[in-house]
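Visitor: Sharing upload.cif here; it has mmCIF, C-alpha atoms and all ligand atoms.
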data_run
loop_
_atom_site.label_atom_id
_atom_site.label_comp_id
_atom_site.auth_asym_id
_atom_site.auth_seq_id
_atom_site.Cartn_x
_atom_site.Cartn_y
_atom_site.Cartn_z
CA MET A 400 -20.17 17.06 2.09
CA GLY A 401 -18.76 17.45 -1.38
CA LYS A 402 -16.39 15.19 -3.22
CA ASN A 403 -12.73 15.10 -2.30
CA PRO A 404 -10.69 16.23 -5.33
CA ASP A 405 -7.52 14.53 -4.06
CA ILE A 406 -8.98 11.01 -4.04
CA ASP A 407 -10.62 11.45 -7.42
CA GLU A 408 -7.51 12.99 -8.90
CA ALA A 409 -5.40 10.11 -7.58
CA TYR A 410 -7.67 7.53 -9.23
CA ALA A 411 -7.32 9.33 -12.58
CA MET A 412 -3.52 9.15 -12.88
CA THR A 413 -2.20 7.63 -16.11
CA SER A 414 1.60 7.67 -15.72
CA PRO A 415 4.34 7.55 -13.04
CA ASP A 416 5.18 11.20 -13.80
CA GLU A 417 1.59 12.22 -13.06
CA VAL A 418 1.66 10.19 -9.83
CA LYS A 419 4.91 11.87 -8.75
CA ALA A 420 3.50 15.33 -9.47
CA LEU A 421 0.28 14.59 -7.58
CA TYR A 422 2.05 13.34 -4.43
CA ARG A 423 4.63 16.16 -4.58
CA THR A 424 1.70 18.55 -4.08
CA TRP A 425 -0.32 16.31 -1.79
CA SER A 426 2.47 15.18 0.58
CA HIS A 427 2.25 18.13 2.99
CA SER A 428 -1.47 17.81 3.67
CA TYR A 429 -1.62 14.02 3.34
CA ASP A 430 -1.50 12.89 6.99
CA VAL A 431 -3.76 15.56 8.42
CA GLY A 432 -6.00 16.71 5.57
CA PHE A 433 -6.45 13.28 4.02
CA GLY A 434 -5.46 10.73 6.66
CA GLU A 435 -7.28 12.28 9.58
CA GLY A 436 -9.77 14.41 7.66
CA GLN A 437 -11.13 11.48 5.67
CA GLY A 438 -10.72 8.91 8.43
CA TYR A 439 -8.33 6.89 6.25
CA GLN A 440 -8.08 3.62 8.18
CA LEU A 441 -6.60 1.28 5.58
CA PRO A 442 -3.01 1.46 6.91
CA ARG A 443 -4.20 0.24 10.30
CA GLU A 444 -6.29 -2.52 8.67
CA VAL A 445 -3.30 -3.76 6.65
CA ALA A 446 -0.91 -3.71 9.62
CA THR A 447 -3.44 -5.43 11.88
CA ALA A 448 -4.13 -8.14 9.29
CA PHE A 449 -0.37 -8.70 8.92
CA ILE A 450 0.19 -9.11 12.64
CA GLY A 451 -3.00 -11.18 13.01
CA ALA A 452 -1.74 -13.65 10.40
CA GLY A 453 1.57 -14.06 12.24
CA GLY A 454 3.63 -11.58 10.24
CA GLN A 455 7.12 -10.58 11.33
CA GLY A 456 10.08 -8.60 10.06
CA PRO A 457 11.97 -7.81 8.04
CA VAL A 458 9.01 -6.25 6.20
CA LEU A 459 8.82 -4.36 2.91
CA ASP A 460 6.11 -1.65 2.76
CA VAL A 461 5.23 -1.07 -0.89
CA GLY A 462 4.05 2.46 -1.70
CA ALA A 463 4.99 3.45 1.83
CA GLY A 464 4.07 7.10 1.26
CA THR A 465 4.36 9.16 4.44
CA GLY A 466 4.78 5.99 6.50
CA LEU A 467 1.32 5.44 7.97
CA VAL A 468 1.62 1.63 7.72
CA GLY A 469 5.12 1.70 9.19
CA THR A 470 3.91 3.56 12.25
CA PHE A 471 1.49 0.75 13.07
CA LEU A 472 3.95 -2.04 12.26
CA HIS A 473 6.65 -0.43 14.37
CA ARG A 474 4.23 -0.06 17.27
CA MET A 475 3.35 -3.77 16.89
CA LYS A 476 7.06 -4.71 16.83
CA ALA A 477 7.13 -6.06 13.27
CA THR A 478 10.58 -4.72 12.49
CA PRO A 479 12.82 -3.91 10.74
CA ILE A 480 10.69 -2.18 8.09
CA ASP A 481 11.89 -0.96 4.72
CA GLY A 482 9.72 1.19 2.47
CA ILE A 483 9.66 1.97 -1.23
CA ASP A 484 7.67 4.62 -3.05
CA LEU A 485 7.72 6.58 -6.29
CA SER A 486 7.51 9.90 -4.47
CA GLU A 487 10.63 11.26 -2.78
CA GLU A 488 8.51 13.96 -1.12
CA MET A 489 6.23 11.37 0.53
CA LEU A 490 9.24 9.33 1.67
CA GLU A 491 10.87 12.40 3.18
CA LEU A 492 7.91 12.71 5.55
CA ALA A 493 8.10 8.99 6.40
CA ARG A 494 11.81 9.42 7.14
CA LEU A 495 11.05 12.05 9.77
CA LYS A 496 8.90 9.58 11.74
CA GLY A 497 11.81 7.21 12.32
CA ASP A 498 9.83 3.97 11.97
CA TYR A 499 11.71 2.61 8.95
CA ARG A 500 15.17 1.08 8.61
CA GLY A 501 15.42 2.12 4.97
CA LEU A 502 13.31 4.14 2.53
CA SER A 503 14.04 4.27 -1.17
CA ALA A 504 12.46 5.95 -4.12
CA CYS A 505 11.65 3.46 -6.86
CA ASP A 506 8.93 2.30 -9.19
CA VAL A 507 7.45 -1.04 -8.12
CA THR A 508 6.28 -1.73 -11.67
CA GLN A 509 9.97 -2.16 -12.59
CA PRO A 510 12.39 -4.88 -11.37
CA LEU A 511 13.45 -4.07 -7.79
CA THR A 512 17.17 -3.79 -7.07
CA GLY A 513 19.29 -2.65 -4.14
CA LEU A 514 16.82 -3.65 -1.40
CA ASP A 515 17.89 -5.24 1.87
CA GLY A 516 15.85 -8.45 1.38
CA PRO A 517 14.83 -11.19 1.30
CA TYR A 518 11.78 -10.06 3.27
CA GLN A 519 9.71 -12.20 5.65
CA GLY A 520 6.76 -9.88 5.05
CA VAL A 521 5.42 -7.64 2.27
CA VAL A 522 2.60 -5.18 2.95
CA SER A 523 0.90 -2.49 0.93
CA ALA A 524 -1.95 -0.04 1.60
CA GLY A 525 -3.63 2.15 -0.98
CA THR A 526 -1.08 1.56 -3.73
CA PHE A 527 -2.66 -1.26 -5.76
CA THR A 528 -5.52 0.90 -6.94
CA LEU A 529 -6.88 2.82 -9.90
CA GLY A 530 -4.34 5.15 -11.50
CA HIS A 531 -1.49 3.65 -9.47
CA VAL A 532 -0.10 0.10 -9.53
CA GLY A 533 -1.60 -2.89 -11.35
CA PRO A 534 -1.11 -6.63 -10.85
CA ASP A 535 2.06 -6.84 -12.95
CA ALA A 536 4.08 -5.60 -9.96
CA LEU A 537 3.30 -8.76 -7.97
CA GLY A 538 6.05 -10.72 -9.74
CA HIS A 539 8.68 -8.15 -8.72
CA LEU A 540 7.56 -8.39 -5.09
CA LEU A 541 7.73 -12.19 -5.03
CA LYS A 542 11.38 -11.94 -6.15
CA VAL A 543 12.42 -9.93 -3.07
CA ALA A 544 10.46 -12.10 -0.60
CA ALA A 545 11.78 -15.11 1.30
CA THR A 546 10.16 -18.51 0.88
CA GLY A 547 7.16 -18.56 3.22
CA ALA A 548 7.00 -14.74 3.41
CA LEU A 549 3.60 -13.35 4.39
CA PHE A 550 1.95 -10.83 2.05
CA VAL A 551 -0.92 -8.48 2.93
CA ILE A 552 -1.74 -6.40 -0.14
CA SER A 553 -4.74 -4.06 -0.32
CA VAL A 554 -6.45 -3.77 -3.69
CA ASN A 555 -9.31 -1.40 -4.47
CA ALA A 556 -12.25 -3.82 -4.27
CA ALA A 557 -14.38 -2.11 -6.93
CA HIS A 558 -11.69 -2.72 -9.53
CA TYR A 559 -10.29 -6.03 -8.29
CA ALA A 560 -11.62 -8.05 -11.21
CA SER A 561 -11.70 -5.35 -13.91
CA ALA A 562 -8.10 -4.27 -13.27
CA GLY A 563 -6.94 -7.87 -13.67
CA PHE A 564 -6.11 -8.76 -10.06
CA GLU A 565 -8.43 -11.75 -9.88
CA ALA A 566 -6.81 -13.28 -12.97
CA ALA A 567 -3.28 -12.35 -11.88
CA PHE A 568 -3.61 -14.05 -8.49
CA ALA A 569 -5.07 -17.14 -10.13
CA GLU A 570 -2.17 -17.19 -12.60
CA LEU A 571 0.39 -17.13 -9.78
CA GLY A 572 -0.81 -20.68 -9.14
CA ASP A 573 1.57 -22.68 -6.97
CA ARG A 574 4.01 -19.76 -6.61
CA ILE A 575 1.80 -18.68 -3.67
CA THR A 576 -0.06 -20.58 -0.92
CA ASP A 577 -2.74 -20.01 1.73
CA ARG A 578 -4.40 -17.20 -0.24
CA CYS A 579 -7.47 -15.66 1.32
CA THR A 580 -9.21 -12.29 1.01
CA ARG A 581 -11.03 -9.98 3.36
CA ASP A 582 -12.91 -6.80 2.42
CA VAL A 583 -12.47 -3.77 4.68
CA ARG A 584 -13.61 -0.15 4.58
CA ILE A 585 -10.92 2.23 3.37
CA TYR A 586 -12.32 5.20 5.33
CA ASP A 587 -14.39 5.62 8.44
CA ASP A 588 -17.46 7.83 8.82
CA ARG A 589 -15.45 11.05 8.47
CA ALA A 590 -15.03 10.43 4.73
CA ASP A 591 -16.84 12.43 2.08
CA ASP A 592 -20.14 10.86 1.08
CA ALA A 593 -18.74 9.93 -2.32
CA HIS A 594 -16.09 7.69 -0.75
CA SER A 595 -17.36 6.67 2.67
CA ASP A 596 -18.34 3.22 1.41
CA ASP A 597 -15.18 2.58 -0.63
CA MET A 598 -13.82 -0.89 0.08
CA ALA A 599 -10.40 -2.50 -0.21
CA ARG A 600 -9.80 -6.21 -0.62
CA LEU A 601 -6.95 -7.41 1.54
CA VAL A 602 -5.24 -10.27 -0.25
CA ILE A 603 -3.33 -12.37 2.26
CA PHE A 604 -1.00 -15.14 1.09
CA ARG A 605 2.45 -16.67 1.46
CA LYS A 606 5.20 -17.10 -1.06
CA ALA A 607 5.53 -20.83 -1.74
C1 LIG A 701 -2.66 6.47 -1.48
S1 LIG A 701 -0.91 6.54 -1.24
C2 LIG A 701 -0.71 5.31 0.03
C3 LIG A 701 0.49 5.59 0.88
C4 LIG A 701 0.55 4.76 2.16
N1 LIG A 701 0.71 3.35 1.87
C5 LIG A 701 -0.71 4.98 2.95
O1 LIG A 701 -1.53 4.05 3.05
O2 LIG A 701 -0.88 6.10 3.45
C6 LIG A 701 -0.28 5.67 -2.67
C7 LIG A 701 1.25 5.69 -2.74
O3 LIG A 701 1.66 4.85 -3.82
C8 LIG A 701 2.80 5.43 -4.41
N2 LIG A 701 2.96 4.87 -5.75
C9 LIG A 701 2.13 5.02 -6.80
N3 LIG A 701 2.61 4.38 -7.87
C10 LIG A 701 3.77 3.80 -7.48
C11 LIG A 701 4.75 2.99 -8.15
N4 LIG A 701 4.62 2.66 -9.44
N5 LIG A 701 5.83 2.56 -7.45
C12 LIG A 701 5.97 2.90 -6.13
N6 LIG A 701 5.08 3.66 -5.45
C13 LIG A 701 3.99 4.10 -6.12
C14 LIG A 701 2.49 6.91 -4.39
O4 LIG A 701 3.65 7.70 -4.57
C15 LIG A 701 1.83 7.07 -3.01
O5 LIG A 701 2.75 7.42 -2.02
#
Can you turn what I pasted into structure tokens?
Guide:
Amino acid sequence: MGKNPDIDEAYAMTSPDEVKALYRTWSHSYDVGFGEGQGYQLPREVATAFIGAGGQGPVLDVGAGTGLVGTFLHRMKATPIDGIDLSEEMLELARLKGDYRGLSACDVTQPLTGLDGPYQGVVSAGTFTLGHVGPDALGHLLKVAATGALFVISVNAAHYASAGFEAAFAELGDRITDRCTRDVRIYDDRADDAHSDDMARLVIFRKA
């Protein structure tokens, strides 16, 4: 199998406008062409880790996209779920699934306003990665979370240290507790050869 241009293109983004343009085009084929075609299993891994660690609603799904994480959380009764994403086109598809209480278009690298928090849970799949969101957004998320809120954030494992996540989590110090990590495969065996071994690091912690 050849390389998947969508995944590589996504990793190469350098600005929010580029990200918006990419997902405007990608949204319609995302669930079937990418999600099913590449065996994209990270949303299920994030939702399962959240429930396994005792997570409950209200939950904020960061970079909710077409709502793949919300589908699993809703099925596992972790509700209500709100979602935020840069791409209105991705959110429109999530809206159609009916798993979310609220979905709003915003940039998580900027201060978050107008959300229905504080949240007991914050989850994210596939958004803290190359060309997308870096560790600076973590501070904004802590502000909308309740004390004791459970976070399950996936970070592209290959870039965890080089993109500054290792240092950023260490710098959060006593603002977070119970931090642990678990590496999971992003895709199953349906993925293109170039990405079938890609790993995400799930960072699981609570707001102190
Ligand atoms: C690979 S998709 C993951 C979507 C969904 N979580 C999933 O697992 O299917 C990454 C998502 O992050 C969103 N995103 C990228 N940068 C963002 C930002 N700065 N603020 C909010 N969302 C962002 C994109 O619009 C896209 O929907």
Visitor: Using 7 Å as the limit and counting all atoms listed in the file, can you tabulate each residue of chain A that touches ligand LIG 701 (chain A), with its shortest atom-to-atom distance in Å and the two atoms involved, as JSON lines?
Guide:
{"residue": "A:Pro415", "atom": "CA", "partner": "A:LIG701", "partner_atom": "N4", "distance": 6.1}
{"residue": "A:Val418", "atom": "CA", "partner": "A:LIG701", "partner_atom": "C9", "distance": 6.0}
{"residue": "A:Lys419", "atom": "CA", "partner": "A:LIG701", "partner_atom": "O4", "distance": 6.0}
{"residue": "A:Tyr422", "atom": "CA", "partner": "A:LIG701", "partner_atom": "O4", "distance": 5.9}
{"residue": "A:Leu441", "atom": "CA", "partner": "A:LIG701", "partner_atom": "O1", "distance": 6.3}
{"residue": "A:Pro442", "atom": "CA", "partner": "A:LIG701", "partner_atom": "O1", "distance": 4.9}
{"residue": "A:Val461", "atom": "CA", "partner": "A:LIG701", "partner_atom": "N6", "distance": 6.6}
{"residue": "A:Gly462", "atom": "CA", "partner": "A:LIG701", "partner_atom": "O3", "distance": 4.0}
{"residue": "A:Ala463", "atom": "CA", "partner": "A:LIG701", "partner_atom": "N1", "distance": 4.3}
{"residue": "A:Gly464", "atom": "CA", "partner": "A:LIG701", "partner_atom": "O5", "distance": 3.6}
{"residue": "A:Thr465", "atom": "CA", "partner": "A:LIG701", "partner_atom": "O2", "distance": 6.1}
{"residue": "A:Gly466", "atom": "CA", "partner": "A:LIG701", "partner_atom": "C4", "distance": 6.2}
{"residue": "A:Leu467", "atom": "CA", "partner": "A:LIG701", "partner_atom": "O2", "distance": 5.1}
{"residue": "A:Val468", "atom": "CA", "partner": "A:LIG701", "partner_atom": "O1", "distance": 6.1}
{"residue": "A:Ile483", "atom": "CA", "partner": "A:LIG701", "partner_atom": "C12", "distance": 6.2}
{"residue": "A:Asp484", "atom": "CA", "partner": "A:LIG701", "partner_atom": "N6", "distance": 3.7}
{"residue": "A:Leu485", "atom": "CA", "partner": "A:LIG701", "partner_atom": "N6", "distance": 4.0}
{"residue": "A:Ser486", "atom": "CA", "partner": "A:LIG701", "partner_atom": "O4", "distance": 4.4}
{"residue": "A:Met489", "atom": "CA", "partner": "A:LIG701", "partner_atom": "O5", "distance": 5.8}
{"residue": "A:Cys505", "atom": "CA", "partner": "A:LIG701", "partner_atom": "C12", "distance": 5.8}
{"residue": "A:Asp506", "atom": "CA", "partner": "A:LIG701", "partner_atom": "N5", "distance": 3.6}
{"residue": "A:Val507", "atom": "CA", "partner": "A:LIG701", "partner_atom": "N5", "distance": 4.0}
{"residue": "A:Thr508", "atom": "CA", "partner": "A:LIG701", "partner_atom": "N4", "distance": 5.2}
{"residue": "A:Ser523", "atom": "CA", "partner": "A:LIG701", "partner_atom": "N1", "distance": 5.9}
{"residue": "A:Ala524", "atom": "CA", "partner": "A:LIG701", "partner_atom": "N1", "distance": 4.3}
{"residue": "A:Gly525", "atom": "CA", "partner": "A:LIG701", "partner_atom": "C2", "distance": 4.4}
{"residue": "A:Thr526", "atom": "CA", "partner": "A:LIG701", "partner_atom": "O3", "distance": 4.3}
{"residue": "A:His531", "atom": "CA", "partner": "A:LIG701", "partner_atom": "N3", "distance": 4.5}
{"residue": "A:Val532", "atom": "CA", "partner": "A:LIG701", "partner_atom": "N3", "distance": 5.3}
Visitor: Of the candidates A:Pro517, A:Leu511, A:Asn555, A:Asp416, which shows the shortest atom-to-atom distance to A:Ala536, using only C-alpha atoms?
Guide: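 Looking only at the distances to A:Ala536, the closest residue turns out to be A:Leu511.
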Visitor: Compile the contact shell of A:Gly434 as JSON, numbers by chain: residues with an atom at most 12 Å away, counting all atoms listed in the file, same-chain residues fewer than 3 positions apart removed.
Guide: {"A": [405, 406, 425, 426, 427, 428, 429, 430, 431, 437, 438, 439, 440, 441, 442, 443, 464, 465, 466, 467, 468, 525, 585, 586, 587, 589, 590]}
Visitor: A:Ala493, A:Ala544, A:Cys579, A:Leu421: which is nearest A:Leu459, counting all atoms listed in the file?
Guide: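 For A:Leu459, the nearest of the candidates is A:Ala544.
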Visitor: Pick out the closest residue to A:Gly451 from this set: A:His539, A:Ala411, A:Glu491, A:Leu549. Count all atoms listed in the file.
Guide: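 Going through A:His539, A:Ala411, A:Glu491, A:Leu549 one by one, the smallest distance to A:Gly451 is for A:Leu549.
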Visitor: Determine the nearest neighbour of A:Phe550 from the options A:Glu488, A:Asp460, A:Asp573, A:Asp498, counting all atoms listed in the file.
Guide: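 When distances to A:Phe550 are compared using all atoms listed in the file, the smallest one comes from A:Asp460.
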Visitor: Between A:Thr413, A:Ser561, A:Thr528, A:Ser553, which residue has the minimum interatomic distance to A:Arg584, considering all atoms listed in the file?
Guide: A:Ser553
Visitor: Interatomic distance between atom CA of A:Leu514 and atom CA of A:Ala545?
Guide: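 Result for atom CA of A:Leu514 versus atom CA of A:Ala545: 12.8 Å, one decimal.
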Visitor: Which of these, A:Thr580, A:Gln455, A:Gln519, A:Thr478, has the shortest distance to A:Leu541 once you count only C-alpha atoms?
Guide: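 For A:Leu541, the nearest of the candidates is A:Gln519.
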Visitor: Pick out the residues sitting within 7 Å of A:Val583, and hand them over as a PyMOL selection string; count only C-alpha atoms, and ignore anything fewer than 6 positions along from it in its own chain.
Guide: chain A and resi 598-600
Visitor: Report the distance between atom CA of A:Gly501 and atom CA of A:Ile480 in Å, rounded to one decimal place.
Guide: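 These two atoms are separated by 7.1 Å.
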Visitor: Name all residues at most 10 Å from A:Asp577 (count all atoms listed in the file; drop same-chain ones fewer than 6 positions away) and give them as a list in words.
Guide: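 Residues meeting the cut-off are Leu549, Ile603, Phe604, Arg605, Lys606 and Ala607 of chain A.
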Visitor: Which residues come within 6 Å of A:Ile552, counting all atoms listed in the file, excluding same-chain residues fewer than 2 positions away, as a list in words?
Guide: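 Those residues are Val522, Ser523, Leu601 and Val602 of chain A.
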